[in-house]
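Source file run.txt; content: compact mmCIF, C-alpha atoms and all ligand atoms.
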```txt
# COMPACT_ATOMS: atom_id res chain seq x y z
CA MET M 1 -86.41 -128.46 -259.36
CA ASN M 2 -89.33 -126.59 -257.75
CA LYS M 3 -88.11 -125.65 -254.26
CA GLU M 4 -91.69 -125.97 -252.97
CA TYR M 5 -91.55 -129.75 -253.25
CA GLY M 6 -91.01 -131.76 -250.05
CA PHE M 7 -87.84 -133.65 -249.16
CA ALA M 8 -89.15 -137.07 -250.28
CA THR M 9 -90.16 -135.69 -253.70
CA LYS M 10 -86.83 -133.92 -254.18
CA GLN M 11 -84.80 -137.03 -253.26
CA ILE M 12 -86.63 -138.92 -256.04
CA HIS M 13 -87.12 -136.33 -258.76
CA GLY M 14 -84.33 -133.84 -258.05
CA GLY M 15 -81.74 -133.30 -260.80
CA HIS M 16 -83.56 -135.68 -263.17
CA THR M 17 -82.43 -135.22 -266.77
CA LYS M 18 -85.17 -136.10 -269.26
CA ASN M 19 -83.84 -138.25 -272.08
CA LEU M 20 -84.90 -138.96 -275.63
CA PRO M 21 -86.19 -142.56 -275.42
CA GLY M 22 -88.36 -141.47 -272.49
CA ALA M 23 -86.83 -143.98 -270.08
CA LEU M 24 -88.05 -143.50 -266.51
CA THR M 25 -84.49 -143.46 -265.18
CA SER M 26 -81.65 -141.35 -266.64
CA PRO M 27 -79.06 -143.10 -268.80
CA ILE M 28 -75.57 -143.54 -267.40
CA TYR M 29 -73.17 -141.42 -269.43
CA GLN M 30 -70.20 -143.75 -269.03
CA SER M 31 -68.06 -141.66 -271.33
CA SER M 32 -64.64 -140.12 -270.69
CA THR M 33 -65.01 -137.38 -273.28
CA PHE M 34 -67.63 -135.48 -275.28
CA VAL M 35 -67.79 -134.71 -278.99
CA PHE M 36 -67.64 -131.17 -280.37
CA ASP M 37 -69.69 -130.18 -283.43
CA SER M 38 -66.86 -127.97 -284.62
CA ALA M 39 -63.40 -126.74 -283.70
CA GLN M 40 -64.98 -123.43 -282.79
CA GLN M 41 -67.44 -125.09 -280.43
CA GLY M 42 -64.59 -126.94 -278.73
CA ALA M 43 -62.64 -123.73 -278.28
CA LYS M 44 -65.71 -121.91 -276.96
CA ARG M 45 -66.40 -124.66 -274.42
CA PHE M 46 -62.84 -124.61 -273.16
CA ALA M 47 -63.02 -120.83 -272.95
CA GLY M 48 -66.23 -121.08 -270.96
CA GLU M 49 -68.05 -119.12 -273.64
CA GLU M 50 -70.48 -121.94 -274.36
CA ASP M 51 -72.15 -124.41 -272.02
CA GLY M 52 -71.66 -128.07 -272.76
CA PHE M 53 -69.66 -131.09 -271.70
CA ILE M 54 -65.97 -131.43 -272.56
CA TYR M 55 -64.37 -134.27 -270.56
CA THR M 56 -65.67 -136.26 -267.59
CA ARG M 57 -63.03 -134.97 -265.15
CA LEU M 58 -64.49 -131.50 -265.85
CA GLY M 59 -68.14 -132.58 -265.67
CA ASN M 60 -70.50 -135.36 -266.73
CA PRO M 61 -74.33 -135.48 -267.11
CA THR M 62 -74.77 -138.42 -264.70
CA GLU M 63 -72.59 -136.70 -262.10
CA MET M 64 -74.41 -133.39 -262.70
CA GLU M 65 -77.74 -135.05 -261.95
CA LEU M 66 -76.42 -136.30 -258.59
CA GLU M 67 -74.87 -132.89 -257.81
CA GLU M 68 -78.18 -131.12 -258.47
CA LYS M 69 -80.18 -133.68 -256.49
CA LEU M 70 -77.89 -133.48 -253.45
CA ALA M 71 -77.63 -129.67 -253.57
CA GLY M 72 -81.42 -129.54 -253.64
CA LEU M 73 -81.68 -131.70 -250.53
CA ASP M 74 -79.15 -129.49 -248.70
CA ASN M 75 -80.92 -126.25 -249.78
CA ALA M 76 -77.58 -125.38 -251.39
CA GLU M 77 -77.04 -123.54 -254.69
CA ALA M 78 -74.72 -126.21 -256.11
CA GLY M 79 -72.79 -129.40 -255.48
CA VAL M 80 -69.78 -131.37 -256.65
CA VAL M 81 -69.39 -135.14 -256.36
CA THR M 82 -66.04 -136.87 -255.90
CA ALA M 83 -64.42 -140.31 -255.86
CA SER M 84 -64.49 -140.50 -252.06
CA GLY M 85 -65.23 -138.47 -248.95
CA MET M 86 -61.50 -137.82 -248.62
CA GLY M 87 -61.57 -136.63 -252.22
CA ALA M 88 -64.27 -134.13 -251.29
CA ILE M 89 -62.40 -132.90 -248.23
CA SER M 90 -58.95 -132.68 -249.83
CA SER M 91 -60.32 -131.02 -252.99
CA THR M 92 -62.02 -128.42 -250.78
CA MET M 93 -58.93 -127.80 -248.65
CA HIS M 94 -56.62 -127.51 -251.67
CA THR M 95 -59.01 -125.05 -253.29
CA PHE M 96 -59.30 -122.59 -250.43
CA LEU M 97 -56.09 -122.93 -248.39
CA LYS M 98 -52.56 -121.90 -249.34
CA ALA M 99 -49.13 -121.87 -247.65
CA GLY M 100 -49.07 -119.60 -244.62
CA ASP M 101 -52.78 -120.02 -243.87
CA HIS M 102 -54.15 -121.31 -240.56
CA MET M 103 -57.26 -123.41 -240.00
CA ILE M 104 -59.18 -124.64 -236.97
CA ALA M 105 -60.57 -128.19 -236.91
CA SER M 106 -62.57 -130.25 -234.44
CA LYS M 107 -60.16 -132.28 -232.31
CA VAL M 108 -62.43 -135.28 -233.05
CA VAL M 109 -62.73 -136.08 -236.74
CA TYR M 110 -62.50 -139.23 -238.86
CA GLY M 111 -58.99 -140.73 -238.82
CA CYS M 112 -57.91 -139.96 -242.41
CA THR M 113 -59.35 -136.45 -242.12
CA HIS M 114 -57.17 -136.00 -239.03
CA SER M 115 -54.06 -137.15 -240.88
CA LEU M 116 -54.87 -134.99 -243.93
CA PHE M 117 -54.96 -131.99 -241.59
CA ASP M 118 -52.17 -132.99 -239.17
CA GLU M 119 -49.67 -134.27 -241.77
CA GLY M 120 -50.87 -133.67 -245.32
CA LEU M 121 -51.66 -129.96 -245.13
CA ARG M 122 -48.67 -129.24 -242.89
CA ARG M 123 -46.48 -130.41 -245.78
CA TYR M 124 -47.80 -127.39 -247.68
CA ASP M 125 -47.22 -125.08 -244.72
CA VAL M 126 -50.88 -124.87 -243.69
CA ASP M 127 -51.08 -124.63 -239.91
CA VAL M 128 -53.88 -126.54 -238.16
CA THR M 129 -55.12 -126.13 -234.60
CA PHE M 130 -57.32 -128.96 -233.27
CA VAL M 131 -59.89 -127.52 -230.89
CA ASP M 132 -62.76 -128.80 -228.77
CA THR M 133 -65.36 -127.24 -231.09
CA THR M 134 -68.18 -128.20 -228.71
CA ASP M 135 -66.83 -125.17 -226.79
CA THR M 136 -67.44 -122.25 -229.15
CA ALA M 137 -65.39 -119.93 -226.91
CA ALA M 138 -62.37 -122.19 -227.53
CA ILE M 139 -62.81 -121.61 -231.28
CA GLU M 140 -62.86 -117.82 -230.86
CA ALA M 141 -59.78 -118.04 -228.60
CA ASN M 142 -57.79 -119.90 -231.28
CA ILE M 143 -58.50 -117.64 -234.24
CA LYS M 144 -55.38 -115.91 -235.61
CA GLU M 145 -54.97 -113.15 -238.20
CA ASN M 146 -54.19 -115.86 -240.82
CA THR M 147 -57.10 -118.17 -239.93
CA ARG M 148 -58.98 -118.87 -243.17
CA LEU M 149 -61.17 -121.88 -242.42
CA ILE M 150 -63.07 -123.62 -239.61
CA TYR M 151 -63.86 -127.34 -240.05
CA ILE M 152 -66.17 -129.44 -237.88
CA GLU M 153 -67.83 -132.83 -237.84
CA THR M 154 -71.10 -132.85 -235.89
CA PRO M 155 -71.91 -135.43 -234.63
CA ALA M 156 -68.18 -136.27 -234.67
CA ASN M 157 -66.74 -139.64 -235.62
CA PRO M 158 -66.57 -141.65 -233.29
CA THR M 159 -67.45 -139.83 -230.01
CA LEU M 160 -70.63 -138.21 -231.39
CA ASP M 161 -69.45 -134.80 -230.03
CA ILE M 162 -72.02 -132.12 -230.95
CA SER M 163 -70.81 -128.68 -232.07
CA ASP M 164 -73.22 -125.74 -232.41
CA ILE M 165 -73.36 -124.99 -236.16
CA GLY M 166 -75.26 -121.71 -235.80
CA ALA M 167 -72.93 -120.35 -233.12
CA ILE M 168 -69.79 -121.32 -235.05
CA ALA M 169 -71.21 -119.85 -238.27
CA LYS M 170 -71.43 -116.48 -236.50
CA ILE M 171 -67.79 -116.71 -235.38
CA ALA M 172 -66.66 -117.73 -238.88
CA LYS M 173 -68.54 -114.82 -240.45
CA ALA M 174 -67.17 -112.33 -237.91
CA HIS M 175 -63.61 -113.41 -238.75
CA ASP M 176 -64.13 -113.84 -242.52
CA CYS M 177 -63.37 -117.58 -242.29
CA LEU M 178 -64.86 -120.29 -244.52
CA PHE M 179 -67.00 -122.63 -242.39
CA VAL M 180 -67.05 -126.28 -243.52
CA VAL M 181 -69.25 -128.94 -241.89
CA ASP M 182 -68.82 -132.69 -242.47
CA ASN M 183 -72.46 -133.89 -242.41
CA THR M 184 -71.73 -137.58 -243.10
CA PHE M 185 -73.29 -138.91 -239.89
CA CYS M 186 -76.56 -137.01 -240.51
CA THR M 187 -77.25 -136.48 -244.25
CA PRO M 188 -79.54 -133.61 -245.29
CA TYR M 189 -82.51 -135.56 -243.99
CA ILE M 190 -81.39 -135.15 -240.39
CA GLN M 191 -79.35 -131.92 -240.50
CA ARG M 192 -78.90 -129.07 -243.04
CA PRO M 193 -75.78 -127.06 -242.15
CA ILE M 194 -76.31 -124.52 -244.95
CA ASP M 195 -79.63 -123.49 -243.38
CA LEU M 196 -77.72 -122.99 -240.11
CA GLY M 197 -75.04 -120.76 -241.67
CA ALA M 198 -72.31 -123.11 -242.93
CA ASP M 199 -70.57 -122.16 -246.19
CA LEU M 200 -69.80 -125.69 -247.38
CA VAL M 201 -71.02 -129.17 -246.46
CA VAL M 202 -68.86 -132.23 -247.16
CA TYR M 203 -69.91 -135.86 -247.22
CA SER M 204 -68.56 -139.31 -247.45
CA ALA M 205 -71.33 -140.40 -249.85
CA THR M 206 -69.95 -143.90 -249.32
CA LYS M 207 -72.11 -143.93 -246.23
CA TYR M 208 -75.83 -143.13 -245.78
CA LEU M 209 -76.24 -141.18 -249.03
CA ASN M 210 -75.52 -144.25 -251.17
CA GLY M 211 -76.58 -146.45 -248.27
CA HIS M 212 -75.86 -149.91 -249.69
CA GLY M 213 -72.19 -150.54 -248.98
CA ASP M 214 -71.29 -150.80 -252.69
CA VAL M 215 -69.83 -147.39 -253.58
CA VAL M 216 -66.97 -145.18 -252.36
CA ALA M 217 -67.85 -141.57 -253.14
CA GLY M 218 -67.90 -138.05 -251.75
CA ALA M 219 -69.65 -134.74 -252.21
CA VAL M 220 -69.54 -131.04 -251.35
CA THR M 221 -72.55 -128.67 -251.41
CA GLY M 222 -72.68 -124.90 -250.95
CA ARG M 223 -72.80 -121.55 -252.77
CA LYS M 224 -72.26 -121.85 -256.53
CA GLU M 225 -69.25 -119.50 -256.52
CA LEU M 226 -67.49 -121.80 -254.03
CA ILE M 227 -68.52 -125.06 -255.70
CA ASP M 228 -67.40 -123.75 -259.12
CA GLN M 229 -63.95 -123.09 -257.61
CA ILE M 230 -63.80 -126.64 -256.21
CA HIS M 231 -64.73 -127.97 -259.67
CA MET M 232 -62.19 -125.85 -261.54
CA VAL M 233 -59.31 -125.79 -259.01
CA GLY M 234 -59.56 -128.60 -256.47
CA MET M 235 -61.00 -131.22 -258.79
CA LYS M 236 -59.66 -130.24 -262.23
CA ASP M 237 -56.08 -129.49 -261.22
CA MET M 238 -55.25 -130.37 -257.62
CA THR M 239 -56.75 -133.80 -256.87
CA GLY M 240 -58.65 -135.02 -259.94
CA SER M 241 -60.71 -137.01 -257.45
CA ILE M 242 -63.64 -137.67 -259.79
CA ILE M 243 -66.43 -140.19 -259.30
CA SER M 244 -67.25 -142.66 -262.09
CA PRO M 245 -70.56 -142.07 -263.90
CA PHE M 246 -71.70 -145.53 -262.84
CA ASP M 247 -70.99 -144.83 -259.16
CA ALA M 248 -72.78 -141.48 -259.49
CA PHE M 249 -75.78 -143.38 -260.87
CA LEU M 250 -75.69 -145.76 -257.88
CA VAL M 251 -75.58 -142.88 -255.38
CA SER M 252 -78.48 -141.13 -257.16
CA ARG M 253 -80.41 -144.38 -256.93
CA GLY M 254 -79.59 -144.76 -253.22
CA LEU M 255 -80.81 -141.24 -252.51
CA LYS M 256 -84.31 -142.13 -253.69
CA THR M 257 -84.93 -143.94 -250.39
CA LEU M 258 -82.84 -141.73 -248.09
CA ASP M 259 -85.71 -140.54 -245.91
CA ILE M 260 -87.22 -143.95 -245.16
CA ARG M 261 -83.79 -145.53 -244.64
CA MET M 262 -82.78 -142.82 -242.14
CA GLU M 263 -86.10 -143.18 -240.29
CA LYS M 264 -85.55 -146.95 -239.94
CA HIS M 265 -81.85 -146.55 -239.02
CA VAL M 266 -82.82 -144.14 -236.21
CA GLN M 267 -85.79 -146.23 -235.04
CA ASN M 268 -83.42 -149.22 -234.68
CA ALA M 269 -80.70 -147.13 -233.03
CA LYS M 270 -83.07 -145.87 -230.34
CA LYS M 271 -84.03 -149.48 -229.47
CA VAL M 272 -80.38 -150.57 -229.34
CA VAL M 273 -79.47 -147.56 -227.15
CA ALA M 274 -82.29 -148.44 -224.73
CA PHE M 275 -80.75 -151.92 -224.43
CA LEU M 276 -77.14 -150.71 -224.04
CA ASP M 277 -77.74 -147.76 -221.69
CA GLY M 278 -77.45 -149.06 -218.13
CA HIS M 279 -76.18 -152.51 -219.20
CA PRO M 280 -74.02 -153.93 -216.37
CA LYS M 281 -71.02 -154.53 -218.69
CA ILE M 282 -71.15 -151.03 -220.24
CA SER M 283 -69.81 -147.92 -218.50
CA LYS M 284 -70.96 -145.24 -220.98
CA VAL M 285 -73.11 -144.89 -224.10
CA TYR M 286 -72.45 -142.00 -226.53
CA TYR M 287 -75.66 -141.07 -228.37
CA PRO M 288 -77.03 -137.58 -229.09
CA GLY M 289 -80.55 -138.81 -228.36
CA LEU M 290 -79.73 -139.61 -224.71
CA GLU M 291 -80.75 -136.80 -222.34
CA SER M 292 -77.62 -137.59 -220.33
CA PHE M 293 -75.43 -137.02 -223.41
CA LYS M 294 -73.35 -133.80 -223.22
CA GLY M 295 -74.48 -132.36 -226.58
CA HIS M 296 -78.11 -133.49 -226.29
CA GLU M 297 -79.65 -130.00 -226.11
CA VAL M 298 -77.73 -128.61 -229.11
CA ALA M 299 -78.40 -131.85 -231.03
CA LYS M 300 -82.14 -131.49 -230.41
CA ARG M 301 -81.97 -127.96 -231.79
CA GLN M 302 -80.03 -128.64 -234.99
CA MET M 303 -80.86 -132.27 -235.81
CA ASN M 304 -84.36 -133.51 -236.79
CA LEU M 305 -83.44 -136.96 -235.45
CA PRO M 306 -80.61 -138.16 -233.13
CA GLY M 307 -78.92 -140.29 -235.81
CA ALA M 308 -78.01 -143.98 -235.97
CA MET M 309 -74.35 -144.00 -234.91
CA ILE M 310 -73.69 -145.24 -231.37
CA SER M 311 -70.45 -145.57 -229.44
CA PHE M 312 -70.02 -147.16 -226.05
CA GLU M 313 -67.36 -147.98 -223.47
CA LEU M 314 -67.07 -151.45 -221.95
CA LYS M 315 -66.19 -151.55 -218.26
CA ASP M 316 -63.40 -154.01 -218.95
CA GLY M 317 -61.78 -151.91 -221.70
CA ARG M 318 -60.13 -152.97 -224.93
CA ALA M 319 -59.84 -156.69 -224.13
CA ALA M 320 -63.59 -156.85 -223.53
CA GLY M 321 -64.15 -154.84 -226.72
CA GLU M 322 -62.11 -157.27 -228.79
CA LYS M 323 -63.93 -160.22 -227.23
CA LEU M 324 -67.30 -158.60 -227.96
CA MET M 325 -66.41 -157.87 -231.58
CA ASP M 326 -65.28 -161.48 -232.06
CA ALA M 327 -68.43 -162.83 -230.39
CA VAL M 328 -71.14 -161.09 -232.43
CA GLU M 329 -72.85 -163.28 -235.05
CA LEU M 330 -75.28 -161.01 -236.88
CA LEU M 331 -73.48 -157.67 -236.51
CA THR M 332 -70.70 -157.31 -239.10
CA LEU M 333 -67.14 -156.59 -237.93
CA ALA M 334 -66.16 -153.97 -240.51
CA VAL M 335 -65.34 -150.28 -240.82
CA SER M 336 -67.48 -147.80 -242.73
CA LEU M 337 -71.03 -146.86 -241.75
CA GLY M 338 -74.49 -146.00 -243.04
CA ASP M 339 -75.08 -149.36 -244.71
CA ALA M 340 -78.13 -151.62 -244.53
CA GLU M 341 -75.97 -154.01 -242.50
CA THR M 342 -75.19 -153.10 -238.88
CA LEU M 343 -71.42 -152.65 -238.55
CA ILE M 344 -69.23 -152.82 -235.43
CA GLU M 345 -65.63 -151.62 -235.13
CA HIS M 346 -62.91 -150.48 -232.75
CA PRO M 347 -61.92 -146.85 -233.53
CA ALA M 348 -58.62 -146.77 -231.60
CA SER M 349 -57.14 -149.62 -233.65
CA MET M 350 -59.13 -149.21 -236.88
CA THR M 351 -60.83 -146.03 -238.18
CA HIS M 352 -58.76 -143.77 -235.93
CA ALA M 353 -55.51 -145.74 -235.99
CA THR M 354 -53.91 -142.66 -237.61
CA TYR M 355 -54.18 -140.83 -234.25
CA SER M 356 -51.17 -140.81 -231.94
CA PRO M 357 -51.86 -142.02 -228.37
CA GLU M 358 -51.74 -138.36 -227.27
CA ALA M 359 -54.21 -137.33 -229.99
CA LEU M 360 -56.54 -140.21 -229.04
CA GLN M 361 -56.41 -139.09 -225.45
CA LYS M 362 -57.04 -135.43 -226.40
CA ALA M 363 -59.97 -136.53 -228.60
CA GLY M 364 -61.46 -138.66 -225.83
CA ILE M 365 -61.23 -141.83 -227.95
CA SER M 366 -60.42 -144.51 -225.39
CA GLU M 367 -59.02 -147.98 -226.02
CA GLY M 368 -62.32 -149.39 -224.78
CA LEU M 369 -64.54 -147.47 -227.21
CA VAL M 370 -66.65 -149.55 -229.62
CA ARG M 371 -68.59 -147.95 -232.48
CA LEU M 372 -71.85 -149.21 -234.00
CA SER M 373 -73.43 -148.17 -237.28
CA ILE M 374 -77.00 -149.38 -236.81
CA GLY M 375 -78.46 -150.86 -239.98
CA LEU M 376 -81.91 -151.82 -241.23
CA GLU M 377 -82.27 -155.32 -239.80
CA ASP M 378 -84.97 -156.26 -237.27
CA ALA M 379 -83.99 -154.44 -234.07
CA LYS M 380 -84.76 -157.46 -231.89
CA ASP M 381 -82.21 -159.53 -233.83
CA LEU M 382 -79.56 -156.84 -233.31
CA ILE M 383 -80.32 -156.65 -229.59
CA ASN M 384 -80.32 -160.44 -229.19
CA ASP M 385 -76.93 -160.61 -230.90
CA LEU M 386 -75.44 -157.93 -228.64
CA ASP M 387 -77.03 -159.63 -225.62
CA GLN M 388 -75.44 -163.02 -226.35
CA ALA M 389 -72.06 -161.43 -227.12
CA LEU M 390 -72.06 -159.29 -223.97
CA ALA M 391 -73.01 -162.35 -221.90
CA GLN M 392 -69.73 -163.98 -223.00
CA LEU M 393 -67.60 -161.17 -221.49
C1 LIG M 401 -60.96 -146.89 -243.62
S1 LIG M 401 -62.13 -146.37 -242.41
C2 LIG M 401 -63.69 -146.37 -243.34
C3 LIG M 401 -64.26 -144.96 -243.40
C4 LIG M 401 -64.89 -144.32 -242.38
N1 LIG M 401 -65.21 -143.03 -242.49
C5 LIG M 401 -64.98 -142.23 -243.66
C6 LIG M 401 -65.31 -140.78 -243.47
C7 LIG M 401 -64.83 -139.84 -244.39
C8 LIG M 401 -63.99 -140.28 -245.60
O1 LIG M 401 -64.86 -140.86 -246.53
P1 LIG M 401 -64.36 -141.93 -247.61
O2 LIG M 401 -63.13 -141.34 -248.30
O3 LIG M 401 -65.55 -142.07 -248.56
O4 LIG M 401 -64.06 -143.21 -246.86
C9 LIG M 401 -65.13 -138.49 -244.22
N2 LIG M 401 -65.89 -138.06 -243.18
C10 LIG M 401 -66.36 -138.94 -242.25
C11 LIG M 401 -67.17 -138.43 -241.10
C12 LIG M 401 -66.09 -140.33 -242.38
O5 LIG M 401 -66.56 -141.18 -241.46
C13 LIG M 401 -65.30 -144.90 -241.08
O6 LIG M 401 -65.57 -146.12 -240.99
O7 LIG M 401 -65.39 -144.09 -240.10
```

As structure tokens, the full file:
Amino acid sequence: MNKEYGFATKQIHGGHTKNLPGALTSPIYQSSTFVFDSAQQGAKRFAGEEDGFIYTRLGNPTEMELEEKLAGLDNAEAGVVTASGMGAISSTMHTFLKAGDHMIASKVVYGCTHSLFDEGLRRYDVDVTFVDTTDTAAIEANIKENTRLIYIETPANPTLDISDIGAIAKIAKAHDCLFVVDNTFCTPYIQRPIDLGADLVVYSATKYLNGHGDVVAGAVTGRKELIDQIHMVGMKDMTGSIISPFDAFLVSRGLKTLDIRMEKHVQNAKKVVAFLDGHPKISKVYYPGLESFKGHEVAKRQMNLPGAMISFELKDGRAAGEKLMDAVELLTLAVSLGDAETLIEHPASMTHATYSPEALQKAGISEGLVRLSIGLEDAKDLINDLDQALAQL
């Protein structure tokens, strides 16, 4: 793919494999295994002496197309796609961490990511320190001689905390640590961590990348030498967390409209934030686009747009939050995010239920926090629905 092309062209044409019948769209290679011309060819492929497909857990043309498209959008050398975002994260961690290693992670991350780090990896004697990564000095202060990896989400799920990718990349490099950024809330359209110095970028492709609420998938992009290791260690042997060719096809198809979907998501989010900010029943709105938001300046520097995820606190806490979520009519009460439908959920009891009360408190995730994933509906309908629901509190 010619790197001179613009984002919109690359999201449509990137990774495209021409095919014999000349179909406009690539065929879906829904095949578990691939035929060898000869015993020698099979042996050569297994030995890595000849390019070619062997078995879908090791690689598949439909998945390769998605990997190349996504890597192109991230300005990365290569990519690997997985069965879920957690598959991407765990395959990466199992590839690069071993017993006795230490890692630093944002104290605010998605719930299952938190439990993978706080319980899963500890089972294999990997030590994790959760740090307020919005404070880069705190990262430096927690680096040990066995620190191998720094992991952040920015904006973080669900508090939208903003960590400075460029500043943390410098710290990671200085201490020979791998720097991994979960870019799920942004996508490459809004933020490109590789350009800012990250080594690897992970995604729940379930979200904005696929964008239609009908696939669970994940992805990692970065330097080819690292991605090849994730393919051949994390994916092949450790987790086997492979995506189906059909789901890879759906994500590739979703990516074709990524730019215009993100523009509309953000346009709607800004209108909803303007309605929520200062509302008499709301005590605080968390949104990187608000000048009053703590990470606003860093967000402006590293994000092209402020995103479409919003969290807010109701003055009357969890009871009011539950009432609000039961009173909305158009907004959908469901977890996940990045879909065409606007979704509303309660992190403390849902997406972040894996956190202990102490961890919730340390992460700043209060009982009264409500999270919105702003969709593609008419903004006025979203605002009217929130207005009528808030009026019932
Ligand atoms: C059961 S809760 C639904 C999932 C939610 N999040 C997922 C997620 C993952 C993991 O991605 P999957 O394995 O594709 O779900 C990784 N990284 C981030 C920033 C995420 O938000 C959610 O609603 O916040």

Write out as a PDB file with C-alpha atoms, in the coordinates of the input which residues come within 7 Å of stretch 194-205 of chain M when counting all atoms listed in the file, dropping same-chain ones fewer than 4 positions away.
```pdb
ATOM      1  CA  ASP M  74     -79.150-129.490-248.700  1.00  0.00           C
ATOM      2  CA  ASN M  75     -80.920-126.250-249.780  1.00  0.00           C
ATOM      3  CA  ALA M  76     -77.580-125.380-251.390  1.00  0.00           C
ATOM      4  CA  SER M  84     -64.490-140.500-252.060  1.00  0.00           C
ATOM      5  CA  GLY M  85     -65.230-138.470-248.950  1.00  0.00           C
ATOM      6  CA  ALA M  88     -64.270-134.130-251.290  1.00  0.00           C
ATOM      7  CA  ILE M  89     -62.400-132.900-248.230  1.00  0.00           C
ATOM      8  CA  ILE M 165     -73.360-124.990-236.160  1.00  0.00           C
ATOM      9  CA  GLY M 166     -75.260-121.710-235.800  1.00  0.00           C
ATOM     10  CA  ALA M 169     -71.210-119.850-238.270  1.00  0.00           C
ATOM     11  CA  LEU M 178     -64.860-120.290-244.520  1.00  0.00           C
ATOM     12  CA  PHE M 179     -67.000-122.630-242.390  1.00  0.00           C
ATOM     13  CA  VAL M 180     -67.050-126.280-243.520  1.00  0.00           C
ATOM     14  CA  VAL M 181     -69.250-128.940-241.890  1.00  0.00           C
ATOM     15  CA  ASP M 182     -68.820-132.690-242.470  1.00  0.00           C
ATOM     16  CA  ASN M 183     -72.460-133.890-242.410  1.00  0.00           C
ATOM     17  CA  THR M 184     -71.730-137.580-243.100  1.00  0.00           C
ATOM     18  CA  LEU M 209     -76.240-141.180-249.030  1.00  0.00           C
ATOM     19  CA  ASN M 210     -75.520-144.250-251.170  1.00  0.00           C
ATOM     20  CA  VAL M 216     -66.970-145.180-252.360  1.00  0.00           C
ATOM     21  CA  ALA M 217     -67.850-141.570-253.140  1.00  0.00           C
ATOM     22  CA  GLY M 218     -67.900-138.050-251.750  1.00  0.00           C
ATOM     23  CA  ALA M 219     -69.650-134.740-252.210  1.00  0.00           C
ATOM     24  CA  VAL M 220     -69.540-131.040-251.350  1.00  0.00           C
ATOM     25  CA  THR M 221     -72.550-128.670-251.410  1.00  0.00           C
ATOM     26  CA  GLY M 222     -72.680-124.900-250.950  1.00  0.00           C
ATOM     27  CA  ARG M 223     -72.800-121.550-252.770  1.00  0.00           C
TER      28      ARG M 223
END
```

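Between atom CA of M:Ser32 and atom CA of M:Met86 the interatomic distance comes to 22.4 Å.
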
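Using all atoms listed in the file, the shortest contact distance between ligand LIG 401 (chain M) and any of M:Val335, M:Ile260, M:Val273, M:Ala43 is found at M:Val335.
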
Subject >> Exercise: M:Ser336 partners within 12 Å, all atoms listed in the file, chain neighbours under 5 positions left out, as a PyMOL selection string >> reply: chain M and resi 85+110-111+157-158+184-185+204-208+211-216+309+341-347+350-352+371-375

Subject >> For M:Gln388: contacts at 12 Å, only C-alpha atoms, fewer than 2 positions along chain excluded, given as a PyMOL selection string >> reply: chain M and resi 323-331+381-386+390-393

**OP:** Place a sphere of radius 10 Å on (-79.8, -134.7, -235.9) in the file coordinates and name every protein, DNA or RNA residue with an atom inside or on its surface, counting all atoms listed in the file; give the answer as JSON, numbers by chain.
**Re:** {"M": [154, 155, 162, 183, 185, 186, 187, 188, 189, 190, 191, 192, 266, 288, 289, 296, 298, 299, 300, 301, 302, 303, 304, 305, 306, 307, 308]}

Write the residues you've just listed into a file as an mmCIF file, in the frame of the given file, and include C-alpha atoms for each of them.
```cif
data_model
loop_
_atom_site.group_PDB
_atom_site.id
_atom_site.type_symbol
_atom_site.label_atom_id
_atom_site.label_comp_id
_atom_site.auth_asym_id
_atom_site.auth_seq_id
_atom_site.Cartn_x
_atom_site.Cartn_y
_atom_site.Cartn_z
ATOM 1 C CA THR M 154 -71.100 -132.850 -235.890
ATOM 2 C CA PRO M 155 -71.910 -135.430 -234.630
ATOM 3 C CA ILE M 162 -72.020 -132.120 -230.950
ATOM 4 C CA ASN M 183 -72.460 -133.890 -242.410
ATOM 5 C CA PHE M 185 -73.290 -138.910 -239.890
ATOM 6 C CA CYS M 186 -76.560 -137.010 -240.510
ATOM 7 C CA THR M 187 -77.250 -136.480 -244.250
ATOM 8 C CA PRO M 188 -79.540 -133.610 -245.290
ATOM 9 C CA TYR M 189 -82.510 -135.560 -243.990
ATOM 10 C CA ILE M 190 -81.390 -135.150 -240.390
ATOM 11 C CA GLN M 191 -79.350 -131.920 -240.500
ATOM 12 C CA ARG M 192 -78.900 -129.070 -243.040
ATOM 13 C CA VAL M 266 -82.820 -144.140 -236.210
ATOM 14 C CA PRO M 288 -77.030 -137.580 -229.090
ATOM 15 C CA GLY M 289 -80.550 -138.810 -228.360
ATOM 16 C CA HIS M 296 -78.110 -133.490 -226.290
ATOM 17 C CA VAL M 298 -77.730 -128.610 -229.110
ATOM 18 C CA ALA M 299 -78.400 -131.850 -231.030
ATOM 19 C CA LYS M 300 -82.140 -131.490 -230.410
ATOM 20 C CA ARG M 301 -81.970 -127.960 -231.790
ATOM 21 C CA GLN M 302 -80.030 -128.640 -234.990
ATOM 22 C CA MET M 303 -80.860 -132.270 -235.810
ATOM 23 C CA ASN M 304 -84.360 -133.510 -236.790
ATOM 24 C CA LEU M 305 -83.440 -136.960 -235.450
ATOM 25 C CA PRO M 306 -80.610 -138.160 -233.130
ATOM 26 C CA GLY M 307 -78.920 -140.290 -235.810
ATOM 27 C CA ALA M 308 -78.010 -143.980 -235.970
#
```

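Closest approach to M:Arg57 among M:Ala8, M:Leu250, M:Leu258, M:Ile242 is made by M:Ile242 (distances from only C-alpha atoms).
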
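Among M:Val370, M:Ala248, M:Leu333, M:Ala83, the residue with the shortest atom-to-atom distance to ligand LIG 401 (chain M), counting all atoms listed in the file, is M:Ala83.
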
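Each of M:Ser26, M:Leu337, M:Ala138, M:Ser91 was compared to M:Asp237 using only C-alpha atoms, and M:Ser91 turns out to be the nearest.
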